[in-house]
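> First, the structure itself, so that you have it in front of you.
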Amino acid sequence: MKLFLVKFFKFSGLLTVVFFLLGFAIEFFIQKQTENKQFLLQSDWHIKHKEKIDVLFIGNSRTSQHVDIPVLEKDLGIKAYSLSQDGRDSRVLYYKLLCYLKLNKKPETIFLQFDPYFCAELNERTFCGKENYLSYFFLDRLGINHIFEDEDGYSAIEAYVPLLRYFHCPPKGLFMLMLHLTGKSYNSHQFENGINIHNMNWQSTSDWDNPPKTTLQPRFKYIDSVSAICKAQNIKLVLVYPPQSFTSYKKVEPDILNKLDSFAKVLEVEYWNFNGEQYNEKDIFYNHMHLNTPGTKMYTEQLMNRMIAMKKQ
Amino acid sequence: MLFNSFEFLIFLPVVFALYWFVFNKSLKWQNILVLVASYFFYGWWSWKFMGMLMLSTGLDYAYGFGVASANRKKAKLFLWLGIINNLGILGVFKYYNFFATQFQQGFEVLGLHTNPVLLDIALPIGISFYTFHGMSYVFDIYRGQQKPIRSFVDYAVFVSFFPLLVAGPIERANHLLPQVEKPRYFNYGQAVDGCRLILWGMFKKVVIADSLAGTVDQIFQNYRDLNTLTLVLGAIAFSFQIYGDFSGYSDIALGTAKLFGFELLSNFRFPYFSRDVAEFWRRWHTSLSSWFRDYLYIPLGGSKNGKYKAIRNTFIIFLVSGFWHGASWNFIAWGFIHACGFLPLLLLNRNRKNVSDVVAQDRIFPNVKEFFQMLSTFSFVTLAWIFFRADKMSIALGYIKQMATSFIMHPDRQFRVPGYIFPIVVILPILIGDWYLRRNERKLKVPKATWLRYSIYGLMIVTIVMSLGEKATFIYFQF
């Protein structure tokens with residue numbers, strides 16, 4: 001028995017030491033890589049701008065892929081940034097905004113995505129898709145971990161235990177993160193200055209005329225929270241429903257659209273809904289939800305026109 | 001609690017420490033500790049069904065004395081009481097709704113409308129296993145192979161020993177009870193073997209089976225939109241998922257038992273290296289197949305009363321075995337398919353061909369003939385697994401039809417996420433590992449070099465921990 005216990009504890013101890021040493025080494029490698037590849041991963045939770053950003057765009061892929069930031073900056077003479085995260089909902093971006101405001105000067109205006117897909121709570125198995133931000137939270141060197149203290153699924157210990165921090169990330173978070181870092185991302189987008197434009201034609205396997213109905217009921221808890229922050233910090237908030245194909249827009253339950261309208265009125269903020277007949281061509285989409293390059297160009301122009309008109313008021 | 005859970009990580013060392021350091025001086029107290037720990041383990045799952053386990057245990061314990069009576073009529077009466085009691089419990093919880101629904105459908109065909117009362121009760125975990133423990137006890141006493149045991153604690157430990165309580169292996173009274181009744185002494189070699197089995201079992205369950213689960217679910221849920229290759233991949237992935245899951249659990253059970261000085265019956269002997277269906281059933285879930293052989297097949301006459309009766313008994317065994325797994329026609333169909341696969345071997349007297357040896361016994365690689373034998377057996381077994389995995393017969397048949405007719409490799413009909421590579425990468429370690437270990441499932445072969453051995457252990461542990469996430473339950477818990 002003594003021999004068994006001695007060998008068992010020796011092995012466990014050695015394994016723990018090796019795990020921590022290796023773990024720290026891998027963690028620092030990940031941090032270095034992600035600093036260089038933040039846009040590829042959209043894991044810009046630690047972004048620190050040297051200059052003040054005038055306009056912040058917040059949303060998911062329907063923000064990151066629809067707004068051409070360099071064109072906007074050039075034509076309007078402003079500094080803009082797309083603080084977006086593909087495939088995520090308002091809860092994730094709310095926390096991302098909190099981290100951003102902790103590390104950066106507040107912008108003058110925030111354009112917040114406001115549609116059923118962004119407002120609905122995604123069925124996240126763990127908090128916020130941890131693999132997206134864990135690399136930045138190691139040892140809490142950015143001092144922003146406390147922002148997540150009360151969130152279900154976040155544990156402070158995750159800041160300190162190397163590699164094991166990733167074990168709750170789906171799917172197999174560390175493995176996928178390493179794949180991304182080696183450049184073999186399964187999501188190969190063409191990124192340009194932090195935004196993501198698709199130069200593709202219509203890709204969807206579904207017929208243009210038969211998109212699925214949208215019945216997902218929106219929840220406004222985090223939209224409300226963003227609104228509260230903006231009021232407290234005197235930031236102008238504009239809610240934006242980005243374009244989707246008009247064929248699919250017509251399949252959004254009217255009840256949902258009414259709720260969006262009503263909530264915007266309750267918040268007393270401007271609400272820009274860009275959907276309409278002008279977005280009824282396959283040529284400007286690569287699927288029902290996402291514009292391609294010509295579509296992004298068209299939308300960015302419309303967006304800029306409204307921003308100019310807003311400034312004149 | 002699950003074996004691959006944080007709770008078990010605390011539970012096991014605590015019980016181990018109490019067992020070998022506190023209660024080691026008294027066999028009686030050691031057995032009481034095991035019993036308490038086993039009920040705690042079971043109660044963690046569901047304290048509500050502890051009463052059922054206690055009742056079943058108490059009744060079988062009592063019947064044991066009746067069955068041991070010198071009066072054969074009385075003995076037979078108690079034997080039947082034991083059988084009816086255990087099958088009755090199983091019947092009510094597991095099969096009542098199935099039969100009620102089938103009768104209703106039968107009456108509908110005759111134009112009679114009925115409204116049967118269906119039971120809305122959960123299936124108690126482990127019921128298919130501990131009822132079979134109880135039945136084997138009364139059977140063995142009736143046959144004179146076992147004496148009724150005086151100590152209720154000892155008997156209760158036999159029924160509810162926590163490593164095997166919820167998913168087997170199905171133990172025999174004359175195998176486990178003597179170990180419960182005799183003092184156990186810590187054996188270094190046995191404990192090391194136990195740790196290795198736990199590690200290998202955990203690897204198979206967490207890294208292999210759980211990794212494949214998502215792929216299998218997606219393919220089976222969307223089979224109508226997928227092509228032949230993807231569906232074949234799905235079936236193969238399920239073959240390895242269920243093997244990794246169940247054999248992994250059995251290895252953990254065997255390994256855990258070894259830590260406490262017990263040797264349980266083997267349950268898996270590398271079944272996917274079988275050269276025919278008969279050999280497969282000597283290697284897959286052997287505790288169940290041997291139980292049916294000893295308590296159903298042989299009492300029915302086995303193969304001793306002519307070919308016709310041997311065929312009849314074979315079909316009975318396989319259909320009952322299928323039905324044991326679940327109250328559903330697809331499980332019965334699974335059993336039927338295996339019976340059909342076994343039948344040619346029985347008719348040609350080739351069902352006892354590969355009994356004592358393992359494939360490529362003295363070689364590193366199989367020869368061409370052996371390779372094709374294994375491949376054809378695996379293909380047959382995988383085809384049958386489709387019925388096991390599908391929720392209903394219609395889904396199983398639809399899956400096979402789609403598999404047979406969708407040869408066109410349309411890109412949209414391929415399974416994209418996570419693709420073909422991921423399942424193959426996951427399956428390879430289990431194939432290679434099992435091939436290396438195939439000669440002895442109870443004492444895993446390990447490299448002699450210490451540094452290499454410990455590196456492998458370390459790599460496996462890290463991989464297991466990194467693969468833990470959302471815990472999937474063991475598939476066989478549902479039986």
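Residue names in the structure tokens use chain letters A, B, ... in the order shown, residue numbers from 1 in each chain, and ligand numbers from 1 in the order shown.
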Near Ile147 in chain A, counting only C-alpha atoms, which residues have an atom at most 12 Å away, once you skip same-chain residues fewer than 5 positions from it, shown as a list in words?
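Using only C-alpha atoms, the neighbours found are Tyr94, Tyr95, Lys96, Leu97, Leu98, Cys99, Tyr100, Leu101, Lys102, Phe137, Asp140, Leu142, Tyr154, Ser155 and Ala156 of chain A.
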> Can you write out the residues you just picked, keeping N, CA and C atoms, as an mmCIF file, in the first residue's frame?

```
data_model
loop_
_atom_site.group_PDB
_atom_site.id
_atom_site.type_symbol
_atom_site.label_atom_id
_atom_site.label_comp_id
_atom_site.auth_asym_id
_atom_site.auth_seq_id
_atom_site.Cartn_x
_atom_site.Cartn_y
_atom_site.Cartn_z
ATOM 1 N N TYR A 94 -22.643 42.960 -25.026
ATOM 2 C CA TYR A 94 -22.757 43.856 -23.862
ATOM 3 C C TYR A 94 -21.493 43.769 -23.009
ATOM 4 N N TYR A 95 -21.041 42.539 -22.761
ATOM 5 C CA TYR A 95 -19.827 42.376 -21.960
ATOM 6 C C TYR A 95 -18.598 42.865 -22.706
ATOM 7 N N LYS A 96 -18.629 42.671 -23.991
ATOM 8 C CA LYS A 96 -17.502 43.150 -24.800
ATOM 9 C C LYS A 96 -17.449 44.682 -24.731
ATOM 10 N N LEU A 97 -18.606 45.301 -24.751
ATOM 11 C CA LEU A 97 -18.651 46.770 -24.654
ATOM 12 C C LEU A 97 -18.117 47.228 -23.300
ATOM 13 N N LEU A 98 -18.500 46.528 -22.251
ATOM 14 C CA LEU A 98 -18.007 46.894 -20.902
ATOM 15 C C LEU A 98 -16.482 46.859 -20.867
ATOM 16 N N CYS A 99 -15.918 45.792 -21.463
ATOM 17 C CA CYS A 99 -14.455 45.679 -21.482
ATOM 18 C C CYS A 99 -13.856 46.814 -22.310
ATOM 19 N N TYR A 100 -14.501 47.103 -23.423
ATOM 20 C CA TYR A 100 -14.011 48.170 -24.304
ATOM 21 C C TYR A 100 -14.002 49.504 -23.580
ATOM 22 N N LEU A 101 -15.088 49.815 -22.883
ATOM 23 C CA LEU A 101 -15.194 51.116 -22.205
ATOM 24 C C LEU A 101 -14.227 51.218 -21.036
ATOM 25 N N LYS A 102 -13.855 50.079 -20.490
ATOM 26 C CA LYS A 102 -12.878 50.082 -19.389
ATOM 27 C C LYS A 102 -11.499 50.483 -19.905
ATOM 28 N N PHE A 137 -7.847 36.845 -20.557
ATOM 29 C CA PHE A 137 -8.134 36.990 -19.141
ATOM 30 C C PHE A 137 -7.132 36.288 -18.247
ATOM 31 N N ASP A 140 -5.574 37.786 -15.206
ATOM 32 C CA ASP A 140 -6.282 39.067 -15.086
ATOM 33 C C ASP A 140 -5.355 40.252 -15.303
ATOM 34 N N LEU A 142 -5.321 42.329 -17.608
ATOM 35 C CA LEU A 142 -5.994 43.517 -18.129
ATOM 36 C C LEU A 142 -6.900 44.166 -17.081
ATOM 37 N N TYR A 154 -19.129 31.893 -15.293
ATOM 38 C CA TYR A 154 -17.773 32.446 -15.221
ATOM 39 C C TYR A 154 -17.201 32.138 -13.855
ATOM 40 N N SER A 155 -15.985 31.699 -13.845
ATOM 41 C CA SER A 155 -15.345 31.414 -12.563
ATOM 42 C C SER A 155 -13.989 32.101 -12.538
ATOM 43 N N ALA A 156 -13.732 32.804 -11.468
ATOM 44 C CA ALA A 156 -12.478 33.558 -11.365
ATOM 45 C C ALA A 156 -11.273 32.626 -11.460
#
```
> What are the closest atom pairs, with distances in Å to one decimal, for all residues of chain B lying within 9 Å of chain A? Consider only C-alpha atoms, order rows by chain and residue number, and present the result as JSON lines.

```
{"residue": "B:Trp20", "atom": "CA", "partner": "A:Met1", "partner_atom": "CA", "distance": 8.9}
{"residue": "B:Phe186", "atom": "CA", "partner": "A:Met1", "partner_atom": "CA", "distance": 6.5}
{"residue": "B:Asn187", "atom": "CA", "partner": "A:Met1", "partner_atom": "CA", "distance": 7.5}
{"residue": "B:Tyr188", "atom": "CA", "partner": "A:Phe4", "partner_atom": "CA", "distance": 6.2}
{"residue": "B:Gly189", "atom": "CA", "partner": "A:Phe4", "partner_atom": "CA", "distance": 9.0}
{"residue": "B:Ala191", "atom": "CA", "partner": "A:Phe4", "partner_atom": "CA", "distance": 7.7}
{"residue": "B:Val192", "atom": "CA", "partner": "A:Phe4", "partner_atom": "CA", "distance": 7.6}
{"residue": "B:Asp412", "atom": "CA", "partner": "A:Thr205", "partner_atom": "CA", "distance": 7.4}
{"residue": "B:Tyr454", "atom": "CA", "partner": "A:Phe11", "partner_atom": "CA", "distance": 7.8}
{"residue": "B:Gly458", "atom": "CA", "partner": "A:Leu15", "partner_atom": "CA", "distance": 6.3}
{"residue": "B:Val462", "atom": "CA", "partner": "A:Phe19", "partner_atom": "CA", "distance": 8.0}
{"residue": "B:Val465", "atom": "CA", "partner": "A:Phe167", "partner_atom": "CA", "distance": 7.2}
{"residue": "B:Met466", "atom": "CA", "partner": "A:Phe167", "partner_atom": "CA", "distance": 4.9}
{"residue": "B:Ser467", "atom": "CA", "partner": "A:Phe167", "partner_atom": "CA", "distance": 6.4}
{"residue": "B:Leu468", "atom": "CA", "partner": "A:Phe167", "partner_atom": "CA", "distance": 6.1}
{"residue": "B:Gly469", "atom": "CA", "partner": "A:His168", "partner_atom": "CA", "distance": 4.7}
{"residue": "B:Glu470", "atom": "CA", "partner": "A:His168", "partner_atom": "CA", "distance": 7.1}
```
> Considering only C-alpha atoms, return as a VMD selection string whatever protein or nucleic-acid residues lie within 10 Å of Ala122 in chain B, sequence-local ones (same chain, fewer than 4 positions apart) excluded.
chain B and resid 49 93 to 94
> Do you know which residues are at most 10 Å from Ile400 in chain B counting only C-alpha atoms, after dropping those on the same chain fewer than 5 positions away, and could you put them as a PyMOL selection string?
chain B and resi 223+228+231-232+235+383+386-387+394-395+405
> Measuring between only C-alpha atoms, which one of B:Val446, B:Val166, B:Leu319, B:Ala384 shows the shortest distance to Trp200 in chain B?
B:Val446
> Which residues, written as a PyMOL selection string, have at least one atom at most 9 Å from Gly341 in chain B, with only C-alpha atoms counted and residues fewer than 3 positions away on the same chain left out?
chain B and resi 276-278+336-338+344-345+380
> Write a file of the selected residues as a compact mmCIF listing (two decimals), in the first residue's frame, keeping N, CA and C atoms.

```
# COMPACT_ATOMS: atom_id res chain seq x y z
N ASP B 276 -16.21 -13.65 -36.68
CA ASP B 276 -17.57 -13.99 -37.09
C ASP B 276 -18.54 -13.53 -36.01
N VAL B 277 -19.83 -13.64 -36.29
CA VAL B 277 -20.83 -13.11 -35.37
C VAL B 277 -20.83 -13.88 -34.05
N ALA B 278 -20.57 -15.18 -34.13
CA ALA B 278 -20.53 -15.99 -32.91
C ALA B 278 -19.41 -15.49 -31.99
N PHE B 336 -32.99 -9.61 -33.78
CA PHE B 336 -33.36 -10.51 -34.88
C PHE B 336 -32.27 -10.55 -35.94
N ILE B 337 -31.73 -9.38 -36.26
CA ILE B 337 -30.67 -9.32 -37.27
C ILE B 337 -29.46 -10.14 -36.82
N HIS B 338 -29.11 -10.01 -35.55
CA HIS B 338 -27.98 -10.79 -35.05
C HIS B 338 -28.28 -12.29 -35.06
N PRO B 344 -26.42 -19.02 -39.92
CA PRO B 344 -25.58 -19.81 -40.84
C PRO B 344 -24.45 -20.54 -40.11
N LEU B 345 -23.86 -19.87 -39.13
CA LEU B 345 -22.76 -20.50 -38.38
C LEU B 345 -23.28 -21.69 -37.59
N PHE B 380 -21.26 -6.08 -40.66
CA PHE B 380 -22.56 -6.65 -40.27
C PHE B 380 -23.04 -6.05 -38.95
```
> Would you list the contacts of Phe111 in chain A as a PyMOL selection string, taking every protein, DNA or RNA residue within 8 Å and counting only C-alpha atoms, but skipping same-chain residues closer than 2 positions in sequence?
chain A and resi 55-58+109+113+237-240
> Go ahead and write the selection's residues with N, CA and C atoms as a compact mmCIF listing (two decimals), in the first residue's frame.

```
# COMPACT_ATOMS: atom_id res chain seq x y z
N VAL A 55 -17.16 56.66 -33.54
CA VAL A 55 -18.37 55.85 -33.75
C VAL A 55 -18.04 54.37 -33.57
N LEU A 56 -18.83 53.74 -32.75
CA LEU A 56 -18.64 52.31 -32.49
C LEU A 56 -19.83 51.54 -33.05
N PHE A 57 -19.55 50.51 -33.83
CA PHE A 57 -20.61 49.63 -34.32
C PHE A 57 -20.56 48.34 -33.52
N ILE A 58 -21.70 47.96 -32.99
CA ILE A 58 -21.75 46.76 -32.14
C ILE A 58 -22.78 45.79 -32.68
N THR A 109 -20.82 58.08 -30.47
CA THR A 109 -22.06 57.41 -30.90
C THR A 109 -21.84 55.92 -30.96
N GLN A 113 -26.69 46.95 -33.12
CA GLN A 113 -27.56 46.07 -33.92
C GLN A 113 -28.82 45.74 -33.12
N LEU A 237 -27.02 56.81 -28.68
CA LEU A 237 -27.28 55.42 -29.07
C LEU A 237 -28.25 55.41 -30.23
N VAL A 238 -27.93 54.64 -31.26
CA VAL A 238 -28.83 54.44 -32.38
C VAL A 238 -29.01 52.93 -32.57
N LEU A 239 -30.24 52.49 -32.62
CA LEU A 239 -30.52 51.07 -32.85
C LEU A 239 -30.66 50.83 -34.34
N VAL A 240 -30.03 49.79 -34.82
CA VAL A 240 -30.00 49.54 -36.26
C VAL A 240 -30.43 48.12 -36.58
```
> I need the alpha helix (DSSP H) residues of range 333-382 of chain B per DSSP on the backbone, written as an MDAnalysis selection string.
chainID B and resid 333:347 368:382
> Ranking A:Trp208, A:Phe20, A:Tyr222, A:Tyr286 by minimum distance to Leu93 in chain A and counting only C-alpha atoms, which one comes first?
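Of A:Trp208, A:Phe20, A:Tyr222, A:Tyr286, the one nearest Leu93 in chain A is A:Tyr222, counting only C-alpha atoms.
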> What lies within 9 Å of Phe118 in chain A using only C-alpha atoms, ignoring chain neighbours under 4 positions off, as a list in words?
Gly59, Asn60, Arg62, Gly87, Arg88, Asp89, Ser90, Arg91, Gln113, Phe114, Leu122 and Pro218 of chain A
> CA of Leu259 in chain B and CA of Phe16 in chain B, how far apart in Å?
7.6 Å
> Select from range 212-264 of chain A everything DSSP, run on the backbone, classes as strand (DSSP E or B), then give the selection as a PyMOL selection string.
chain A and resi 214+236-241+252
